[in-house]
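Dumped model-v6.tsv below, it's TSV, C-alpha atoms:
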```tsv
chain	number	residue	atom	x	y	z
A	161	MET	CA	-18.78	29.58	31.83
A	162	ILE	CA	-18.78	30.34	28.10
A	163	GLU	CA	-22.03	32.25	28.62
A	164	GLN	CA	-20.61	34.03	31.67
A	165	ALA	CA	-17.53	35.07	29.70
A	166	GLY	CA	-19.60	36.50	26.85
A	167	ILE	CA	-17.48	34.79	24.18
A	168	ARG	CA	-18.08	36.30	20.73
A	169	ARG	CA	-16.74	35.99	17.21
A	170	GLY	CA	-13.24	37.38	16.70
A	171	MET	CA	-12.18	37.22	20.36
A	172	ARG	CA	-8.74	36.25	21.66
A	173	VAL	CA	-9.26	33.71	24.45
A	174	LEU	CA	-6.92	32.16	27.00
A	175	GLU	CA	-8.15	28.96	28.65
A	176	ILE	CA	-6.26	27.96	31.82
A	177	GLY	CA	-6.79	24.27	32.51
A	178	SER	CA	-6.90	22.27	29.31
A	179	GLY	CA	-8.37	19.06	27.99
A	180	GLY	CA	-9.14	19.99	24.41
A	181	TYR	CA	-12.92	19.78	24.25
A	182	ASN	CA	-13.69	23.19	25.73
A	183	ALA	CA	-10.98	24.75	23.58
A	184	ALA	CA	-12.71	23.31	20.51
A	185	LEU	CA	-16.02	24.84	21.63
A	186	LEU	CA	-14.30	28.20	22.10
A	187	ALA	CA	-12.73	27.96	18.64
A	188	GLU	CA	-16.14	27.32	17.08
A	189	ILE	CA	-17.53	30.47	18.72
A	190	VAL	CA	-14.65	32.87	18.02
A	191	GLY	CA	-14.39	31.64	14.42
A	192	PRO	CA	-11.48	32.07	11.99
A	193	ASP	CA	-10.91	35.69	13.00
A	194	GLY	CA	-10.46	34.79	16.67
A	195	ARG	CA	-7.69	32.97	18.50
A	196	VAL	CA	-7.79	30.34	21.26
A	197	THR	CA	-4.86	29.49	23.51
A	198	THR	CA	-5.31	26.58	25.91
A	199	LEU	CA	-2.78	26.01	28.69
A	200	ASP	CA	-2.18	23.33	31.31
A	201	ILE	CA	0.58	22.41	33.78
A	202	ASP	CA	0.27	18.66	33.09
A	203	ALA	CA	2.33	17.44	30.12
A	204	ASP	CA	0.13	14.36	29.63
A	205	VAL	CA	-3.01	16.50	29.49
A	206	ILE	CA	-1.42	18.88	27.00
A	207	GLY	CA	-0.10	16.02	24.83
A	208	ARG	CA	-3.53	14.42	24.65
A	209	ALA	CA	-5.23	17.75	23.92
A	210	ARG	CA	-2.82	18.50	21.07
A	211	ARG	CA	-3.26	15.05	19.56
A	212	LEU	CA	-7.06	15.10	19.70
A	213	LEU	CA	-7.42	18.68	18.50
A	214	ASN	CA	-5.22	17.89	15.48
A	215	ALA	CA	-7.26	14.77	14.77
A	216	THR	CA	-10.61	16.56	14.90
A	217	GLY	CA	-9.83	19.59	12.77
A	218	TYR	CA	-8.48	22.17	15.25
A	219	PRO	CA	-4.74	22.38	14.52
A	220	HIS	CA	-4.94	26.21	14.70
A	221	ILE	CA	-5.61	26.19	18.46
A	222	GLU	CA	-2.48	27.13	20.40
A	223	VAL	CA	-1.74	24.44	22.99
A	224	VAL	CA	0.75	25.43	25.70
A	225	LEU	CA	2.46	23.56	28.53
A	226	GLY	CA	2.87	25.96	31.42
A	227	ASP	CA	1.83	27.14	34.87
A	228	GLY	CA	-1.52	28.92	34.68
A	229	GLU	CA	-0.56	31.23	37.55
A	230	PHE	CA	1.46	33.24	35.03
A	231	GLY	CA	-0.96	33.15	32.11
A	232	HIS	CA	0.69	33.22	28.67
A	233	PRO	CA	2.31	36.60	28.03
A	234	ALA	CA	3.63	35.56	24.60
A	235	SER	CA	0.09	35.61	23.20
A	236	ALA	CA	-1.35	38.42	25.33
A	237	PRO	CA	-3.38	40.56	25.44
A	238	PHE	CA	-6.60	38.56	25.58
A	239	ASP	CA	-10.21	39.63	25.34
A	240	THR	CA	-11.13	36.97	27.86
A	241	VAL	CA	-9.39	34.61	30.27
A	242	MET	CA	-11.32	31.51	31.28
A	243	VAL	CA	-10.00	29.48	34.21
A	244	THR	CA	-11.30	25.91	34.36
A	245	VAL	CA	-9.68	24.91	37.66
A	246	GLU	CA	-10.61	25.99	41.18
A	247	ALA	CA	-8.54	29.00	42.24
A	248	ALA	CA	-7.99	30.39	45.74
A	249	ASP	CA	-6.57	33.70	44.48
A	250	ILE	CA	-6.35	35.91	41.40
A	251	PRO	CA	-2.71	36.40	40.35
A	252	PRO	CA	-1.64	39.67	38.67
A	253	ALA	CA	-1.02	37.98	35.30
A	254	TRP	CA	-4.72	37.22	34.77
A	255	THR	CA	-5.72	40.86	35.07
A	256	GLY	CA	-2.56	42.19	33.45
A	257	GLN	CA	-3.01	40.08	30.31
A	258	LEU	CA	-6.63	41.20	29.81
A	259	VAL	CA	-7.60	44.13	27.61
A	260	GLU	CA	-9.50	46.94	29.31
A	261	GLY	CA	-13.12	45.81	29.51
A	262	GLY	CA	-12.11	42.19	28.96
A	263	SER	CA	-13.65	39.34	30.94
A	264	LEU	CA	-12.20	36.90	33.46
A	265	THR	CA	-14.26	33.85	34.42
A	266	VAL	CA	-12.86	31.84	37.33
A	267	PRO	CA	-14.09	29.23	39.84
A	268	LEU	CA	-12.99	31.21	42.90
A	269	ARG	CA	-12.94	29.75	46.42
A	270	ILE	CA	-14.09	32.28	49.01
A	271	ARG	CA	-14.90	31.36	52.61
A	272	GLY	CA	-15.32	27.67	51.87
A	273	LEU	CA	-17.56	27.95	48.80
A	274	THR	CA	-16.51	27.87	45.15
A	275	ARG	CA	-18.38	30.06	42.69
A	276	SER	CA	-17.76	30.53	39.01
A	277	ILE	CA	-17.56	34.32	38.95
A	278	GLY	CA	-17.57	36.39	35.78
A	279	PHE	CA	-15.55	39.62	36.05
A	280	THR	CA	-14.95	42.60	33.80
A	281	ARG	CA	-11.65	44.48	33.94
A	282	ALA	CA	-11.91	48.15	34.91
A	283	GLY	CA	-8.37	49.51	35.21
A	284	ASP	CA	-6.58	47.61	37.94
A	285	ARG	CA	-9.88	46.28	39.33
A	286	LEU	CA	-12.19	43.43	38.41
A	287	VAL	CA	-15.95	43.91	38.86
A	288	SER	CA	-18.24	40.88	38.96
A	289	THR	CA	-21.06	40.50	36.46
A	290	SER	CA	-22.29	36.98	37.32
A	291	ARG	CA	-21.83	34.14	39.77
A	292	GLU	CA	-22.75	30.44	39.86
A	293	LEU	CA	-22.06	27.79	42.50
A	294	CYS	CA	-19.78	25.12	41.07
A	295	GLY	CA	-17.06	22.58	41.80
A	296	PHE	CA	-13.70	22.11	40.05
A	297	VAL	CA	-10.41	20.34	40.59
A	298	PRO	CA	-8.00	22.70	42.42
A	299	MET	CA	-5.20	24.75	40.90
A	300	GLN	CA	-1.73	23.23	40.71
A	301	GLY	CA	1.68	24.86	40.46
A	302	ALA	CA	2.57	28.28	41.88
A	303	GLY	CA	-1.10	29.11	42.41
A	304	GLU	CA	-1.86	26.02	44.48
A	305	ARG	CA	-3.40	26.91	47.85
A	306	PRO	CA	-4.17	23.85	49.99
A	307	ARG	CA	-6.96	24.23	52.51
A	308	LEU	CA	-5.63	25.02	55.98
A	309	TRP	CA	-6.57	22.53	58.69
A	310	VAL	CA	-6.02	23.23	62.38
A	311	PRO	CA	-6.03	19.95	64.36
A	312	LEU	CA	-7.40	20.07	67.91
A	313	ARG	CA	-7.59	17.42	70.63
A	314	GLY	CA	-4.99	15.23	68.96
A	315	GLY	CA	-6.68	15.49	65.58
A	316	LYS	CA	-10.14	14.44	66.80
A	317	VAL	CA	-11.42	17.90	65.92
A	318	ARG	CA	-10.30	19.83	62.83
A	319	LEU	CA	-11.06	23.42	61.88
A	320	ARG	CA	-10.79	24.41	58.22
A	321	PHE	CA	-9.78	27.85	56.96
A	322	ASP	CA	-9.56	29.13	53.40
A	323	GLU	CA	-7.83	32.45	53.85
A	324	GLU	CA	-4.20	33.21	54.68
A	325	PRO	CA	-2.69	33.57	57.18
A	326	CYS	CA	-4.58	31.06	59.33
A	327	PRO	CA	-6.55	33.16	61.87
A	328	ALA	CA	-6.69	30.50	64.59
A	329	ASP	CA	-4.44	30.08	67.62
A	330	ALA	CA	-4.44	26.28	67.77
A	331	GLU	CA	-2.84	26.13	71.19
A	332	ALA	CA	-5.40	28.50	72.74
A	333	LEU	CA	-8.30	26.68	71.07
A	334	GLY	CA	-6.97	23.36	72.34
A	335	ARG	CA	-6.88	24.67	75.89
A	336	ALA	CA	-10.53	25.72	75.60
A	337	PHE	CA	-11.54	22.06	75.39
A	338	GLU	CA	-9.87	21.42	78.74
A	339	ALA	CA	-11.53	24.32	80.53
A	340	GLY	CA	-14.81	22.55	81.11
A	341	ARG	CA	-18.31	23.77	80.39
A	342	ALA	CA	-19.30	27.35	81.21
A	343	TRP	CA	-22.77	28.95	81.10
A	344	THR	CA	-23.49	32.59	80.40
A	345	TRP	CA	-27.04	33.83	79.83
A	346	THR	CA	-27.39	36.51	77.17
A	347	GLY	CA	-31.11	37.12	77.41
A	348	SER	CA	-32.75	37.89	74.05
A	349	VAL	CA	-30.24	40.42	72.74
A	350	LEU	CA	-28.17	38.17	70.48
A	351	ALA	CA	-31.19	36.08	69.45
A	352	GLY	CA	-33.08	39.23	68.52
A	353	ARG	CA	-30.15	40.55	66.53
A	354	LEU	CA	-29.80	37.27	64.62
A	355	ALA	CA	-33.53	37.20	63.87
A	356	GLY	CA	-33.28	40.77	62.60
A	357	LEU	CA	-30.46	39.86	60.23
A	358	VAL	CA	-32.46	36.92	58.87
A	359	ARG	CA	-35.49	39.17	58.30
A	360	ALA	CA	-33.31	41.77	56.56
A	361	TRP	CA	-31.82	39.14	54.26
A	362	ASP	CA	-35.30	37.79	53.44
A	363	ARG	CA	-36.63	41.29	52.76
A	364	ASP	CA	-33.69	42.78	50.86
A	365	HIS	CA	-31.63	39.98	49.33
A	366	ARG	CA	-33.50	36.69	48.90
A	367	ARG	CA	-34.80	37.58	45.43
A	368	GLY	CA	-32.11	40.11	44.66
A	369	PRO	CA	-29.15	39.94	42.28
A	370	GLY	CA	-26.83	38.38	44.86
A	371	PRO	CA	-23.47	39.64	46.07
A	372	ARG	CA	-21.14	41.76	44.00
A	373	TYR	CA	-17.43	41.01	44.07
A	374	THR	CA	-14.90	43.74	43.33
A	375	VAL	CA	-11.26	42.64	43.16
A	376	HIS	CA	-8.49	45.11	44.02
A	377	PRO	CA	-4.70	44.64	44.14
A	378	ALA	CA	-3.61	43.67	47.65
A	379	GLY	CA	-3.54	46.61	50.05
A	380	THR	CA	-5.61	48.99	47.90
A	381	ALA	CA	-9.24	48.09	48.65
A	382	VAL	CA	-11.60	50.65	50.14
A	383	ARG	CA	-14.35	49.09	52.23
A	384	PRO	CA	-17.74	50.70	51.52
A	385	ARG	CA	-20.35	50.70	54.26
A	386	GLY	CA	-22.19	47.41	54.52
A	387	SER	CA	-19.50	45.42	52.68
A	388	SER	CA	-16.86	42.93	53.79
A	389	VAL	CA	-13.32	42.33	52.57
A	390	VAL	CA	-11.60	38.98	51.99
A	391	ALA	CA	-7.81	39.31	51.84
A	392	LYS	CA	-5.93	36.93	49.57
A	393	ARG	CA	-2.22	36.83	48.81
A	394	HIS	CA	-2.46	38.86	45.59
A	395	VAL	CA	-5.79	40.66	45.90
A	396	GLU	CA	-8.48	41.95	48.24
A	397	ILE	CA	-12.06	41.05	47.38
A	398	VAL	CA	-14.79	43.49	48.46
A	399	ILE	CA	-18.16	41.73	48.82
A	400	SER	CA	-21.20	44.01	48.77
A	401	TRP	CA	-24.95	43.51	48.45
A	402	ALA	CA	-27.59	45.39	46.53
A	403	SER	CA	-31.25	45.31	47.51
A	404	GLY	CA	-33.63	43.26	45.37
```
Re-express the file's structure as structure tokens.
Amino acid sequence: MIEQAGIRRGMRVLEIGSGGYNAALLAEIVGPDGRVTTLDIDADVIGRARRLLNATGYPHIEVVLGDGEFGHPASAPFDTVMVTVEAADIPPAWTGQLVEGGSLTVPLRIRGLTRSIGFTRAGDRLVSTSRELCGFVPMQGAGERPRLWVPLRGGKVRLRFDEEPCPADAEALGRAFEAGRAWTWTGSVLAGRLAGLVRAWDRDHRRGPGPRYTVHPAGTAVRPRGSSVVAKRHVEIVISWASG
């Protein structure tokens, strides 16, 4: 994540999700001309981080108890914001507290997968520059978004959704189990279409740069041809592909 964020000497860095060790690494990179603020919602975590950073020669790191959903406006703006907890959304404070051209690195959960995505701020948008599959503990506080489970057949079957609002009609889905088996022959149309999509992915994307994520404030995204949009509470994420 430090590589994704492009941390350099003299930068002002906000770390959301503390512990102390990563903040010390950041302080070593930004040097005496930079500034590191590390923030966490858990008072025990923050107390331990402050104690250990003082003991190991990093008393100059700013250690803050607070809800990461809101960033830390008292020390903004930042050249980079690094989020070290899994997030289901991107709140306005993270973009708003970044300088123009600054970087946000966040383990973002989209459609059931968590990727550490590096973004660059371009006005009110964020444009991805890198992505890595990863796993993190989930966000707490105002930004907490529990996974949505829809129980069916008395809880014997559960469907999981990441996005809000939940797109499933649980009652209608439950009735489908009681309807009995039905057969409909499609011929080769759907199979041929699926095979075509697989061939297109293999030809155009397998060795390519991967998807690009562009984050817009909620309700403002324009959907280019060939892209898809994931709607979150605060933002809309446009996912597009470039050929390899």
- For segment 191-205 of chain A: contacts at 9 Å, only C-alpha atoms, fewer than 2 positions along chain excluded, given as an MDAnalysis selection string: chainID A and resid 168:180 183:184 186:189 207:210 220:228 231:232 235 300:301
- To one decimal in Å, tell me the separation between atom CA of Met242 of chain A and atom CA of Val382 of chain A.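 Answer for the atom CA of Met242 of chain A to atom CA of Val382 of chain A separation: 26.9 Å.
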- Message: Between atom CA of Pro298 of chain A and atom CA of Thr280 of chain A, what distance in Å does the model show, to one decimal?
- Response: 22.8 Å
- One-decimal distance in Å that lies between atom CA of Ile277 of chain A and atom CA of Trp361 of chain A: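 We find that atom CA of Trp361 of chain A and atom CA of Ile277 of chain A lie 21.5 Å from each other.
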- Item | Local residues around (-18.1, 30.3, 31.0), at most 9 Å away, using all atoms listed in the file, as a list in words |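 Looking at atoms near the point gives Met161, Ile162, Glu163, Gln164, Ala165, Gly166, Ile167, Met242, Val243, Thr244, Thr265, Val266, Ser276, Ile277 and Gly278 of chain A.
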Residues from last step as file, C-alpha atoms, as a PDB file, keeping the file's coordinate frame:
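Full text of again29.pdb as output:
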```pdb
ATOM      1  CA  MET A 161     -18.780  29.580  31.830  1.00  0.00           C
ATOM      2  CA  ILE A 162     -18.780  30.340  28.100  1.00  0.00           C
ATOM      3  CA  GLU A 163     -22.030  32.250  28.620  1.00  0.00           C
ATOM      4  CA  GLN A 164     -20.610  34.030  31.670  1.00  0.00           C
ATOM      5  CA  ALA A 165     -17.530  35.070  29.700  1.00  0.00           C
ATOM      6  CA  GLY A 166     -19.600  36.500  26.850  1.00  0.00           C
ATOM      7  CA  ILE A 167     -17.480  34.790  24.180  1.00  0.00           C
ATOM      8  CA  MET A 242     -11.320  31.510  31.280  1.00  0.00           C
ATOM      9  CA  VAL A 243     -10.000  29.480  34.210  1.00  0.00           C
ATOM     10  CA  THR A 244     -11.300  25.910  34.360  1.00  0.00           C
ATOM     11  CA  THR A 265     -14.260  33.850  34.420  1.00  0.00           C
ATOM     12  CA  VAL A 266     -12.860  31.840  37.330  1.00  0.00           C
ATOM     13  CA  SER A 276     -17.760  30.530  39.010  1.00  0.00           C
ATOM     14  CA  ILE A 277     -17.560  34.320  38.950  1.00  0.00           C
ATOM     15  CA  GLY A 278     -17.570  36.390  35.780  1.00  0.00           C
TER      16      GLY A 278
END
```
- Could you list as a list in words every residue that has an atom within 12 Å of (-22.7, 26.6, 42.8), using the file's coordinates and counting only C-alpha atoms? Pro267, Leu268, Arg269, Gly272, Leu273, Thr274, Arg275, Ser276, Ile277, Ser290, Arg291, Glu292, Leu293, Cys294, Gly295 and Phe296 of chain A
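Using all atoms listed in the file, the nearest neighbour of Arg385 of chain A within the list A:Tyr181, A:Phe321, A:Trp401, A:Phe238 is A:Trp401.
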- Message: With distances taken over all atoms listed in the file, which residue among A:Phe230, A:Trp343, A:Phe279, A:Tyr218 lies nearest His376 of chain A?
- Response: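 Looking at the shortest contact to His376 of chain A, the residue is A:Phe279.
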- Message: My list of candidates is A:Val297, A:Ala360, A:Val241, A:Pro384. Which is closest to Arg281 of chain A when distances are computed with only C-alpha atoms?
- Response: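 For Arg281 of chain A, the nearest of the candidates is A:Val241.
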- Item | Selection: 10 Å around Pro311 of chain A, only C-alpha atoms, excl. self and same-chain fewer than 6 positions, as a list in words |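 Using only C-alpha atoms, the neighbours found are Val317, Arg318, Leu319, Arg320, Ala330, Glu331, Leu333 and Gly334 of chain A.
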